[in-house]
$ cat data22.cif   # mmCIF, C-alpha atoms
data_my_file
#
loop_
_atom_site.label_atom_id
_atom_site.label_comp_id
_atom_site.auth_asym_id
_atom_site.auth_seq_id
_atom_site.Cartn_x
_atom_site.Cartn_y
_atom_site.Cartn_z
CA MET X 13 -21.03 -6.53 -1.73
CA LEU X 14 -20.65 -10.13 -0.54
CA ASN X 15 -23.19 -11.16 -3.19
CA ARG X 16 -21.01 -9.50 -5.85
CA ALA X 17 -17.97 -11.31 -4.43
CA LYS X 18 -19.88 -14.61 -4.65
CA GLU X 19 -20.46 -13.92 -8.38
CA ALA X 20 -16.67 -13.67 -8.74
CA SER X 21 -16.15 -16.93 -6.82
CA ASP X 22 -18.73 -18.64 -9.06
CA MET X 23 -16.98 -17.34 -12.19
CA LEU X 24 -13.63 -18.54 -10.84
CA LYS X 25 -15.03 -21.96 -9.97
CA GLU X 26 -16.43 -22.34 -13.47
CA HIS X 27 -13.03 -21.58 -15.04
CA ILE X 28 -11.18 -23.87 -12.60
CA GLU X 29 -13.53 -26.72 -13.56
CA LYS X 30 -12.90 -25.98 -17.26
CA ASP X 31 -9.10 -26.11 -16.66
CA SER X 32 -8.73 -22.54 -17.93
CA VAL X 33 -5.32 -20.89 -17.57
CA ILE X 34 -6.10 -17.76 -15.56
CA ARG X 35 -4.38 -14.40 -16.06
CA ILE X 36 -3.69 -12.30 -12.93
CA ILE X 37 -2.69 -8.64 -13.27
CA SER X 38 -1.82 -6.74 -10.09
CA HIS X 39 -0.16 -3.64 -8.68
CA ASN X 40 3.48 -3.49 -7.49
CA ASP X 41 3.00 -2.16 -3.94
CA ALA X 42 2.43 -4.21 -0.75
CA ASP X 43 -1.35 -4.17 -1.25
CA GLY X 44 -1.04 -5.21 -4.90
CA ILE X 45 1.44 -8.02 -4.17
CA SER X 46 -0.83 -9.27 -1.35
CA SER X 47 -3.79 -9.09 -3.76
CA ALA X 48 -1.99 -11.26 -6.30
CA ALA X 49 -0.86 -13.59 -3.48
CA VAL X 50 -4.33 -14.28 -2.11
CA ILE X 51 -5.65 -15.14 -5.59
CA ALA X 52 -2.57 -17.10 -6.69
CA ASN X 53 -2.52 -19.13 -3.45
CA ALA X 54 -6.23 -19.92 -3.81
CA LEU X 55 -5.75 -21.03 -7.44
CA ALA X 56 -2.65 -23.10 -6.59
CA GLU X 57 -4.62 -24.92 -3.87
CA GLU X 58 -7.32 -25.72 -6.44
CA GLY X 59 -4.72 -27.09 -8.87
CA ALA X 60 -5.49 -24.32 -11.38
CA GLN X 61 -2.93 -22.89 -13.79
CA PHE X 62 -2.30 -19.15 -13.75
CA HIS X 63 0.07 -16.53 -15.12
CA THR X 64 0.76 -13.38 -13.05
CA THR X 65 2.10 -9.99 -14.11
CA ILE X 66 2.78 -7.11 -11.71
CA PHE X 67 2.49 -3.56 -13.10
CA PRO X 68 3.59 -0.26 -11.49
CA ARG X 69 0.38 1.19 -12.99
CA LEU X 70 -2.24 0.02 -15.46
CA LYS X 71 -2.26 2.05 -18.66
CA GLU X 72 -4.62 2.03 -21.62
CA GLU X 73 -1.94 0.45 -23.80
CA ASN X 74 -1.64 -2.46 -21.30
CA VAL X 75 -5.41 -2.93 -21.32
CA ASN X 76 -5.49 -3.01 -25.15
CA GLN X 77 -2.50 -5.36 -25.32
CA LEU X 78 -4.01 -7.82 -22.82
CA ARG X 79 -7.22 -7.94 -24.85
CA HIS X 80 -5.36 -9.97 -27.51
CA GLU X 81 -3.95 -12.57 -25.11
CA LYS X 82 -5.58 -15.98 -25.33
CA TYR X 83 -6.86 -16.47 -21.78
CA ASP X 84 -10.46 -17.23 -20.83
CA LEU X 85 -10.38 -15.31 -17.55
CA PHE X 86 -8.52 -12.15 -16.52
CA ILE X 87 -8.32 -11.02 -12.89
CA PHE X 88 -7.26 -7.44 -12.20
CA SER X 89 -6.43 -6.99 -8.53
CA ASP X 90 -5.79 -3.67 -6.75
CA MET X 91 -6.25 -2.01 -10.15
CA GLY X 92 -8.69 -1.98 -13.05
CA SER X 93 -11.70 0.05 -11.87
CA PRO X 94 -11.06 2.98 -14.29
CA PHE X 95 -11.13 0.55 -17.26
CA ILE X 96 -14.55 -1.14 -16.90
CA LYS X 97 -15.68 0.39 -20.24
CA GLU X 98 -12.74 -1.34 -22.01
CA PHE X 99 -13.22 -4.66 -20.17
CA ASN X 100 -16.88 -4.67 -21.24
CA THR X 101 -15.64 -5.10 -24.83
CA TYR X 102 -13.26 -7.99 -23.99
CA LYS X 103 -14.21 -11.36 -25.49
CA HIS X 104 -13.09 -12.97 -22.22
CA ASP X 105 -14.45 -13.05 -18.69
CA VAL X 106 -12.98 -10.43 -16.35
CA ILE X 107 -12.91 -10.06 -12.56
CA VAL X 108 -11.87 -6.65 -11.23
CA ALA X 109 -11.07 -6.69 -7.49
CA ASP X 110 -10.13 -3.10 -6.70
CA HIS X 111 -10.72 -0.42 -4.05
CA HIS X 112 -9.76 2.84 -5.79
CA GLN X 113 -12.38 5.43 -6.69
CA VAL X 114 -14.83 4.47 -9.46
CA ASP X 115 -16.68 6.20 -12.29
CA ASP X 116 -20.30 5.45 -13.21
CA THR X 117 -19.63 2.81 -15.93
CA GLU X 118 -21.87 -0.25 -15.45
CA SER X 119 -20.21 -3.62 -16.05
CA GLU X 120 -21.48 -6.06 -18.71
CA SER X 121 -22.22 -9.74 -17.99
CA ASN X 122 -18.60 -10.79 -18.77
CA VAL X 123 -17.23 -8.47 -16.04
CA VAL X 124 -17.60 -8.92 -12.27
CA HIS X 125 -16.56 -5.67 -10.58
CA ILE X 126 -15.83 -5.87 -6.84
CA ASN X 127 -15.13 -2.43 -5.41
CA PRO X 128 -16.25 -1.05 -2.01
CA HIS X 129 -17.07 2.37 -3.51
CA LEU X 130 -19.87 0.74 -5.57
CA PHE X 131 -21.57 -0.13 -2.28
CA GLY X 132 -20.97 3.12 -0.40
CA ILE X 133 -17.97 1.66 1.49
CA ASP X 134 -14.75 3.69 1.83
CA GLY X 135 -11.90 2.02 -0.07
CA SER X 136 -9.28 4.13 1.69
CA LYS X 137 -10.02 2.75 5.17
CA ASP X 138 -12.64 -0.03 5.13
CA LEU X 139 -11.23 -2.37 2.45
CA SER X 140 -7.94 -2.72 0.57
CA GLY X 141 -7.27 -4.15 -2.89
CA ALA X 142 -6.12 -7.38 -1.22
CA GLY X 143 -9.40 -7.35 0.73
CA SER X 144 -11.45 -7.15 -2.50
CA SER X 145 -9.28 -9.94 -3.95
CA TYR X 146 -9.80 -12.09 -0.86
CA LEU X 147 -13.58 -11.61 -1.14
CA ALA X 148 -13.36 -12.91 -4.73
CA VAL X 149 -11.98 -16.27 -3.49
CA ARG X 150 -13.61 -16.41 -0.03
CA GLU X 151 -16.52 -18.59 -1.15
CA LEU X 152 -14.07 -21.24 -2.38
CA ASP X 153 -13.47 -22.10 1.31
CA LYS X 154 -10.37 -19.89 1.60
CA LYS X 155 -10.76 -18.21 5.01
CA HIS X 156 -7.26 -19.44 5.93
CA LEU X 157 -5.92 -16.95 3.33
CA ALA X 158 -7.66 -13.96 4.99
CA HIS X 159 -4.41 -12.80 6.63
CA PHE X 160 -3.06 -11.85 3.16
CA ALA X 161 -5.92 -9.35 2.88
CA LEU X 162 -4.85 -7.86 6.22
CA ILE X 163 -1.20 -7.66 5.06
CA GLY X 164 -2.51 -5.69 2.07
CA ALA X 165 -4.55 -3.46 4.38
CA PHE X 166 -1.44 -2.69 6.47
CA GLY X 167 0.45 -1.96 3.25
CA ASP X 168 -2.30 0.51 2.37
CA MET X 169 -2.14 2.18 5.84
CA GLN X 170 -5.56 0.80 6.81
CA GLY X 171 -4.91 -1.38 9.86
CA GLN X 172 -2.78 0.89 12.00
CA ASP X 173 -5.65 2.00 14.29
CA GLY X 174 -7.41 -1.38 14.28
CA PHE X 175 -9.54 -2.77 11.47
CA VAL X 176 -12.91 -1.24 10.58
CA GLY X 177 -15.60 -1.89 7.97
CA VAL X 178 -15.18 -4.97 5.77
CA ASN X 179 -11.59 -5.31 7.04
CA LYS X 180 -13.09 -6.25 10.42
CA LEU X 181 -15.07 -9.10 8.83
CA ILE X 182 -11.86 -10.30 7.15
CA ARG X 183 -9.96 -10.08 10.46
CA ASP X 184 -12.69 -12.27 12.05
CA ASP X 185 -12.32 -14.80 9.18
CA ALA X 186 -8.56 -14.97 9.83
CA ILE X 187 -9.09 -15.57 13.57
CA GLU X 188 -11.84 -18.13 12.94
CA SER X 189 -9.59 -20.06 10.52
CA GLY X 190 -6.93 -20.33 13.26
CA THR X 191 -4.18 -18.61 11.26
CA LEU X 192 -4.21 -15.24 13.06
CA GLU X 193 -3.51 -14.26 16.67
CA ILE X 194 -3.80 -10.80 18.25
CA HIS X 195 -1.82 -9.70 21.30
CA GLU X 196 -0.87 -6.37 22.85
CA GLY X 197 2.66 -5.14 22.34
CA LEU X 198 4.94 -2.35 21.17
CA LYS X 199 4.31 -1.64 17.49
CA ILE X 200 7.94 -1.11 16.55
CA VAL X 201 9.48 -2.80 13.51
CA SER X 202 12.25 -5.37 13.12
CA LYS X 203 12.33 -6.40 16.79
CA THR X 204 14.26 -9.56 15.97
CA SER X 205 16.50 -8.36 13.15
CA GLU X 206 17.78 -4.81 13.87
CA PRO X 207 19.48 -3.02 16.80
CA ILE X 208 16.87 -1.15 18.84
CA PHE X 209 17.89 2.36 17.67
CA LYS X 210 17.26 1.29 14.06
CA SER X 211 13.97 -0.40 15.02
CA LEU X 212 12.80 2.92 16.46
CA ALA X 213 14.11 5.07 13.59
CA TYR X 214 12.46 2.74 11.05
CA THR X 215 9.09 2.81 12.84
CA PHE X 216 6.94 5.24 10.86
CA SER X 217 3.49 4.02 11.80
CA PRO X 218 2.53 5.03 14.43
CA PRO X 219 4.93 7.99 14.03
CA LEU X 220 7.41 8.94 16.74
CA PRO X 221 8.29 12.62 16.19
CA LYS X 222 12.06 13.33 16.44
CA ILE X 223 12.74 9.54 16.38
CA SER X 224 11.03 8.13 13.25
CA GLY X 225 13.39 8.50 10.30
CA ASP X 226 16.11 9.96 12.52
CA LEU X 227 18.88 7.49 13.45
CA GLU X 228 20.74 10.08 15.54
CA GLY X 229 17.51 11.13 17.30
CA ALA X 230 16.72 7.48 18.11
CA ARG X 231 20.22 6.92 19.53
CA GLU X 232 20.04 10.03 21.70
CA PHE X 233 16.58 9.06 22.96
CA LEU X 234 17.89 5.67 24.16
CA GLU X 235 21.07 7.15 25.63
CA ARG X 236 19.02 9.61 27.73
CA MET X 237 17.43 6.56 29.41
CA ASN X 238 20.77 4.76 29.78
CA LEU X 239 19.57 2.01 27.45
CA SER X 240 22.01 0.27 25.14
CA TYR X 241 21.12 1.24 21.56
CA GLY X 242 23.14 -1.55 19.91
CA ILE X 243 21.12 -4.59 21.04
CA LYS X 244 17.92 -5.96 19.53
CA PHE X 245 14.60 -5.37 21.28
CA THR X 246 14.18 -9.14 21.75
CA ASP X 247 17.52 -9.26 23.66
CA MET X 248 16.58 -6.52 26.15
CA GLU X 249 15.77 -7.33 29.78
CA ASP X 250 12.06 -7.15 30.76
CA GLU X 251 12.77 -4.15 32.98
CA GLU X 252 14.41 -2.31 30.07
CA LYS X 253 11.49 -3.17 27.78
CA ASP X 254 9.05 -1.71 30.33
CA LEU X 255 11.12 1.47 30.65
CA LEU X 256 11.22 1.82 26.85
CA LYS X 257 7.48 1.11 26.55
CA ASP X 258 6.56 3.86 29.06
CA ALA X 259 8.84 6.40 27.37
CA LEU X 260 7.45 5.63 23.89
CA ILE X 261 3.83 5.76 25.09
CA SER X 262 4.48 9.26 26.45
CA ILE X 263 5.54 10.28 22.89
CA ASN X 264 2.69 8.53 21.09
CA PRO X 265 0.18 6.34 23.01
CA ASP X 266 -0.68 4.50 19.75
CA ILE X 267 2.76 2.84 19.82
CA PHE X 268 1.36 0.23 22.24
CA GLY X 269 -1.61 -1.76 21.01
CA ASP X 270 -2.83 -4.78 19.07
CA CYS X 271 -0.16 -6.69 17.14
CA TYR X 272 -1.38 -9.17 14.51
CA THR X 273 0.67 -12.33 14.07
CA VAL X 274 0.60 -15.59 12.15
CA PRO X 275 2.40 -17.87 14.66
CA LYS X 276 3.10 -20.65 12.13
CA GLU X 277 5.01 -18.27 9.82
CA ALA X 278 8.79 -17.83 9.56
CA PRO X 279 9.90 -15.52 12.44
CA LEU X 280 10.58 -12.51 10.18
CA LEU X 281 7.13 -12.79 8.58
CA ARG X 282 5.04 -13.49 11.68
CA ASP X 283 4.01 -9.88 12.27
CA LEU X 284 1.56 -8.87 9.51
CA GLU X 285 2.65 -5.24 9.46
CA GLU X 286 6.30 -6.29 9.14
CA TYR X 287 5.30 -8.67 6.31
CA ALA X 288 3.64 -5.73 4.54
CA TYR X 289 6.82 -3.63 4.85
CA ILE X 290 8.91 -6.45 3.35
CA LEU X 291 6.53 -6.76 0.36
CA ASP X 292 6.54 -2.98 -0.04
CA ALA X 293 10.35 -2.89 -0.12
CA CYS X 294 10.32 -5.55 -2.87
CA GLY X 295 7.81 -3.54 -4.92
CA LYS X 296 9.56 -0.19 -4.45
CA ASN X 297 12.89 -1.73 -5.48
CA LYS X 298 11.37 -3.12 -8.71
CA LYS X 299 11.40 -6.71 -7.43
CA PRO X 300 7.67 -7.40 -6.96
CA GLY X 301 8.21 -10.96 -8.22
CA LEU X 302 10.44 -11.62 -5.21
CA GLY X 303 7.68 -10.39 -2.88
CA LEU X 304 5.12 -12.57 -4.63
CA SER X 305 7.34 -15.66 -4.47
CA ILE X 306 7.70 -15.15 -0.68
CA ALA X 307 3.92 -14.84 -0.35
CA LEU X 308 3.60 -18.07 -2.37
CA GLY X 309 5.81 -19.92 0.11
CA GLU X 310 9.46 -19.40 -0.85
CA ARG X 311 11.69 -18.89 2.19
CA ASP X 312 15.43 -18.86 3.11
CA GLN X 313 17.29 -17.12 0.23
CA ALA X 314 14.16 -15.25 -0.89
CA ILE X 315 13.66 -13.78 2.62
CA ASP X 316 17.37 -12.89 2.87
CA ALA X 317 17.18 -11.06 -0.46
CA ALA X 318 13.99 -9.24 0.60
CA LEU X 319 15.54 -8.17 3.93
CA LYS X 320 18.49 -6.72 2.04
CA LEU X 321 16.06 -4.72 -0.11
CA GLN X 322 14.16 -3.62 2.98
CA ARG X 323 17.32 -2.25 4.63
CA GLN X 324 18.21 -0.44 1.43
CA TYR X 325 14.67 0.99 1.14
CA ARG X 326 14.63 2.17 4.77
CA ASP X 327 18.00 3.89 4.30
CA GLN X 328 16.52 5.64 1.24
CA ILE X 329 13.55 6.83 3.33
CA VAL X 330 15.87 8.15 6.07
CA LYS X 331 17.88 10.01 3.40
CA GLY X 332 14.61 11.38 1.97
CA LEU X 333 13.38 12.61 5.35
CA GLU X 334 16.74 14.31 6.01
CA TRP X 335 16.28 16.09 2.67
CA VAL X 336 12.73 17.18 3.62
CA LYS X 337 14.01 18.42 6.99
CA LYS X 338 16.68 20.49 5.26
CA GLU X 339 14.78 21.74 2.20
CA GLY X 340 11.13 21.73 3.33
CA ALA X 341 8.26 21.80 0.82
CA VAL X 342 7.43 24.54 -1.68
CA GLN X 343 4.24 26.25 -0.44
CA LEU X 344 1.31 27.22 -2.69
CA ASN X 345 -2.04 28.55 -1.41
CA SER X 346 -3.74 25.21 -0.72
CA ILE X 347 -1.08 22.58 -1.41
CA GLN X 348 2.65 22.09 -0.81
CA TYR X 349 4.98 20.12 -3.05
CA LEU X 350 8.31 18.28 -3.05
CA TYR X 351 10.32 17.97 -6.26
CA SER X 352 13.62 16.28 -6.95
CA GLU X 353 15.49 14.69 -9.82
CA ASP X 354 17.77 12.79 -7.39
CA LYS X 355 17.59 9.05 -8.18
CA VAL X 356 17.19 7.94 -4.54
CA LEU X 357 14.67 10.63 -3.61
CA LYS X 358 12.57 9.91 -6.70
CA SER X 359 12.17 6.27 -5.66
CA VAL X 360 10.68 7.18 -2.24
CA MET X 361 8.86 10.43 -3.00
CA GLY X 362 5.35 9.15 -2.14
CA THR X 363 6.60 7.51 1.04
CA ILE X 364 8.46 10.57 2.32
CA ALA X 365 5.43 12.75 1.50
CA SER X 366 3.29 10.48 3.66
CA ILE X 367 5.78 10.08 6.53
CA GLY X 368 6.74 13.78 6.39
CA LEU X 369 3.11 14.63 7.23
CA SER X 370 2.81 12.07 10.03
CA VAL X 371 6.11 12.96 11.79
CA GLU X 372 5.32 16.70 11.59
CA LEU X 373 8.12 17.63 9.16
CA LEU X 374 5.48 19.01 6.78
CA ASP X 375 2.46 21.26 7.35
CA ASP X 376 -0.48 18.89 7.92
CA SER X 377 -3.03 21.61 7.03
CA LYS X 378 -2.15 21.25 3.32
CA PRO X 379 -2.01 18.16 1.08
CA VAL X 380 1.55 17.34 0.03
CA ILE X 381 2.36 16.51 -3.60
CA GLY X 382 5.56 14.58 -4.35
CA LEU X 383 6.89 14.99 -7.91
CA SER X 384 9.54 12.77 -9.53
CA ARG X 385 10.83 13.25 -13.05
CA LEU X 386 10.88 10.14 -15.26
CA HIS X 387 12.42 11.19 -18.62
CA LYS X 388 9.65 13.16 -20.42
CA ASP X 389 7.04 12.59 -17.71
CA ILE X 390 6.48 13.44 -14.08
CA LYS X 391 5.17 10.88 -11.61
CA ILE X 392 2.98 12.43 -8.92
CA SER X 393 2.16 11.08 -5.45
CA GLY X 394 -0.39 13.04 -3.42
CA ARG X 395 -0.94 12.55 0.33
CA THR X 396 -3.14 14.26 2.90
CA THR X 397 -4.68 13.63 6.32
CA ARG X 398 -8.09 12.34 7.44
CA GLU X 399 -8.76 15.83 8.89
CA MET X 400 -8.26 17.43 5.45
CA VAL X 401 -10.51 14.81 3.83
CA ALA X 402 -13.19 15.67 6.40
CA LYS X 403 -12.84 19.31 5.29
CA GLY X 404 -13.55 18.35 1.66
CA VAL X 405 -10.22 17.36 0.09
CA ASN X 406 -10.45 14.48 -2.41
CA LEU X 407 -6.99 13.93 -3.91
CA GLY X 408 -8.14 11.08 -6.18
CA LYS X 409 -10.66 13.36 -7.90
CA ALA X 410 -8.34 16.40 -7.95
CA LEU X 411 -5.40 14.44 -9.45
CA GLN X 412 -7.61 12.70 -11.98
CA ASP X 413 -9.23 15.93 -13.23
CA SER X 414 -6.07 18.06 -13.19
CA SER X 415 -3.88 15.44 -14.94
CA ASN X 416 -6.57 14.87 -17.63
CA ASN X 417 -6.23 18.56 -18.54
CA PHE X 418 -2.64 17.94 -19.63
CA GLY X 419 -3.12 14.61 -21.40
CA GLY X 420 -2.07 12.68 -18.30
CA THR X 421 -3.79 10.10 -16.09
CA GLY X 422 -4.51 10.03 -12.39
CA GLY X 423 -6.74 8.84 -9.57
CA GLY X 424 -6.76 6.82 -6.36
CA HIS X 425 -8.27 7.61 -2.98
CA ASP X 426 -9.44 10.81 -1.30
CA ILE X 427 -6.48 10.60 1.14
CA ALA X 428 -3.76 9.24 -1.20
CA ALA X 429 -3.60 9.33 -4.99
CA GLY X 430 -1.22 9.36 -7.93
CA ALA X 431 -0.89 10.73 -11.45
CA MET X 432 1.41 10.93 -14.46
CA ILE X 433 1.76 14.07 -16.60
CA PRO X 434 4.13 15.37 -19.31
CA TYR X 435 7.18 17.13 -17.78
CA GLU X 436 6.55 20.43 -19.57
CA SER X 437 3.12 20.72 -17.89
CA LYS X 438 4.59 20.66 -14.36
CA ASP X 439 4.07 24.31 -13.32
CA ASN X 440 0.64 24.70 -14.96
CA PHE X 441 -0.44 21.39 -13.43
CA LEU X 442 0.58 22.49 -9.92
CA HIS X 443 -1.32 25.77 -10.22
CA LEU X 444 -4.45 24.03 -11.51
CA LEU X 445 -4.25 21.40 -8.75
CA ASP X 446 -3.80 24.16 -6.15
CA GLU X 447 -6.97 25.87 -7.46
CA MET X 448 -8.89 22.56 -7.46
CA VAL X 449 -8.00 21.79 -3.83
CA GLU X 450 -8.87 25.38 -2.86
CA TYR X 451 -12.26 24.88 -4.58
CA GLN X 452 -12.83 21.55 -2.75
CA LEU X 453 -12.11 23.19 0.60
CA SER X 454 -14.35 26.20 -0.02
CA ASN X 455 -17.26 24.14 -1.39
CA ASP X 456 -17.44 21.34 1.16
#
$ encode --input "data22.cif" --output "structure tokens"
Amino acid sequence: MLNRAKEASDMLKEHIEKDSVIRIISHNDADGISSAAVIANALAEEGAQFHTTIFPRLKEENVNQLRHEKYDLFIFSDMGSPFIKEFNTYKHDVIVADHHQVDDTESESNVVHINPHLFGIDGSKDLSGAGSSYLAVRELDKKHLAHFALIGAFGDMQGQDGFVGVNKLIRDDAIESGTLEIHEGLKIVSKTSEPIFKSLAYTFSPPLPKISGDLEGAREFLERMNLSYGIKFTDMEDEEKDLLKDALISINPDIFGDCYTVPKEAPLLRDLEEYAYILDACGKNKKPGLGLSIALGERDQAIDAALKLQRQYRDQIVKGLEWVKKEGAVQLNSIQYLYSEDKVLKSVMGTIASIGLSVELLDDSKPVIGLSRLHKDIKISGRTTREMVAKGVNLGKALQDSSNNFGGTGGGHDIAAGAMIPYESKDNFLHLLDEMVEYQLSND
């Protein structure tokens, strides 16, 4: 895989030397924004010109449209693997740095395809899209940008139990370059910017059942220990911090562990996981450009604007989890689903599906499918657990095959995937998907 990445670095180098203007296309979540950031920062350092576009998803019409743009090199980061056949017919050079599941299309000489699945590496836990993108620039002496790949990995839920696979190599690059430090601590969010009850309620990974997503539950938990819920974690006395730490560890031991920080960063961006959440909030609120500008070095007003979005996004998640608690999921034989046409709930459907599983609001023995209506289409976010994947579930494959049956598109990872289908196919789609997951489980 590193040899393939070197081919990408060589192709990049060639275009930088030719003064090509380079086209970057990336995804709008935390991993996608980090992917674009690692490439854009590398190109900026080399004095290269580039033009970046962030898409919520890459569609065939985008791929055909881009074909006519007059750039010598296209880089698709955290997306692009399903379109190798189309890129093979481009008259330009193409680098695809992705980590989603692949088909068996071989790439032509104008296309360098970096994807862990091509090398038997799991793209849902061993390498993120930002990781593939980092590998594409690594040979240009860019180890000091490795932390962006780890931010992407956190955004993709890959670093929460420590880094494994290629992510571990990237973590070592970041330490070796002197940008990253690791220390043990409580893995709660917004320690410096929110009152402690909100920090706890907004901590979803690792999950704290009856506290995560529950502002009232977090307040009551602190009150039971006679701790003030209105102050920030950083303003608590050491004795209070120790008391809190012990109580949280008894709920979930994973809450105390390795924290990854970039000490030279602005205080709110020092913690890599926190950085990932800020980028994710920008993407989910349709402001991926704001996230990218922060990752390219903008501070002050940009961070203030992103924090505002983050607060808004977290409030939306809390509202979504309250809805799940009240309504529950609709149960089919092998899957369960959530459906709403509410504007707020639609914007966080994938997130509440994921968190709902981890905080035990939903049945973790069935994959959960979040459905959001967008005019004539339905956007689908599928989530499951590692245990279900071990039993044979592959959501990426199931969503791809079932959505294709209704003229839609889909794919992703075995543990998390997405799709888009026409609205009128909703019920038939759910029944077919239910049958497919049942088949996967019985044929593992």
$ atom_distance --input "data22.cif" --atom1 "atom CA of X:Glu251" --atom2 "atom CA of X:Val201"
19.8 Å
$ resolve_selection --input "data22.cif" --expression "the PyMOL selection byres ((chain X and resi 216-222) around 8)" --output "number ranges by chain"
X: 172, 199, 213-215, 223-226, 229-230, 260, 263-264, 266-267, 367, 370-372
$ closest_residue --input "data22.cif" --among "X:Leu78, X:Leu14, X:Cys271, X:Leu70" --to "X:His125" --atoms "only C-alpha atoms"
X:Leu14
$ closest_residue --input "data22.cif" --among "X:Ser211, X:Asn406, X:Ser384, X:Thr273" --to "X:Tyr349" --atoms "all atoms listed in the file"
X:Ser384
$ resolve_selection --input "data22.cif" --expression "the PyMOL selection byres ((chain X and resi 237) around 12)" --output "short mmCIF file (atom, residue, chain, number, x, y, z; two decimals) with C-alpha atoms, keeping the file's coordinate frame"
data_model
loop_
_atom_site.label_atom_id
_atom_site.label_comp_id
_atom_site.auth_asym_id
_atom_site.auth_seq_id
_atom_site.Cartn_x
_atom_site.Cartn_y
_atom_site.Cartn_z
CA ALA X 230 16.72 7.48 18.11
CA ARG X 231 20.22 6.92 19.53
CA GLU X 232 20.04 10.03 21.70
CA PHE X 233 16.58 9.06 22.96
CA LEU X 234 17.89 5.67 24.16
CA GLU X 235 21.07 7.15 25.63
CA ARG X 236 19.02 9.61 27.73
CA ASN X 238 20.77 4.76 29.78
CA LEU X 239 19.57 2.01 27.45
CA SER X 240 22.01 0.27 25.14
CA TYR X 241 21.12 1.24 21.56
CA GLU X 252 14.41 -2.31 30.07
CA LYS X 253 11.49 -3.17 27.78
CA ASP X 254 9.05 -1.71 30.33
CA LEU X 255 11.12 1.47 30.65
CA LEU X 256 11.22 1.82 26.85
CA LYS X 257 7.48 1.11 26.55
CA ASP X 258 6.56 3.86 29.06
CA ALA X 259 8.84 6.40 27.37
CA LEU X 260 7.45 5.63 23.89
#
$ residues_around --input "data22.cif" --residues "stretch 302-313 of chain X" --least-positions-apart "2" --cutoff "6 Å" --atoms "all atoms listed in the file" --output "VMD selection string"
chain X and resid 45 49 291 294 299 to 300 315 to 316
$ resolve_selection --input "data22.cif" --expression "the PyMOL selection byres ((chain X and resi 204) around 10)" --output "list in words"
Val201, Ser202, Lys203, Ser205, Glu206, Pro207, Ile208, Ser211, Ile243, Lys244, Phe245, Thr246, Asp247, Pro279 and Leu280 of chain X
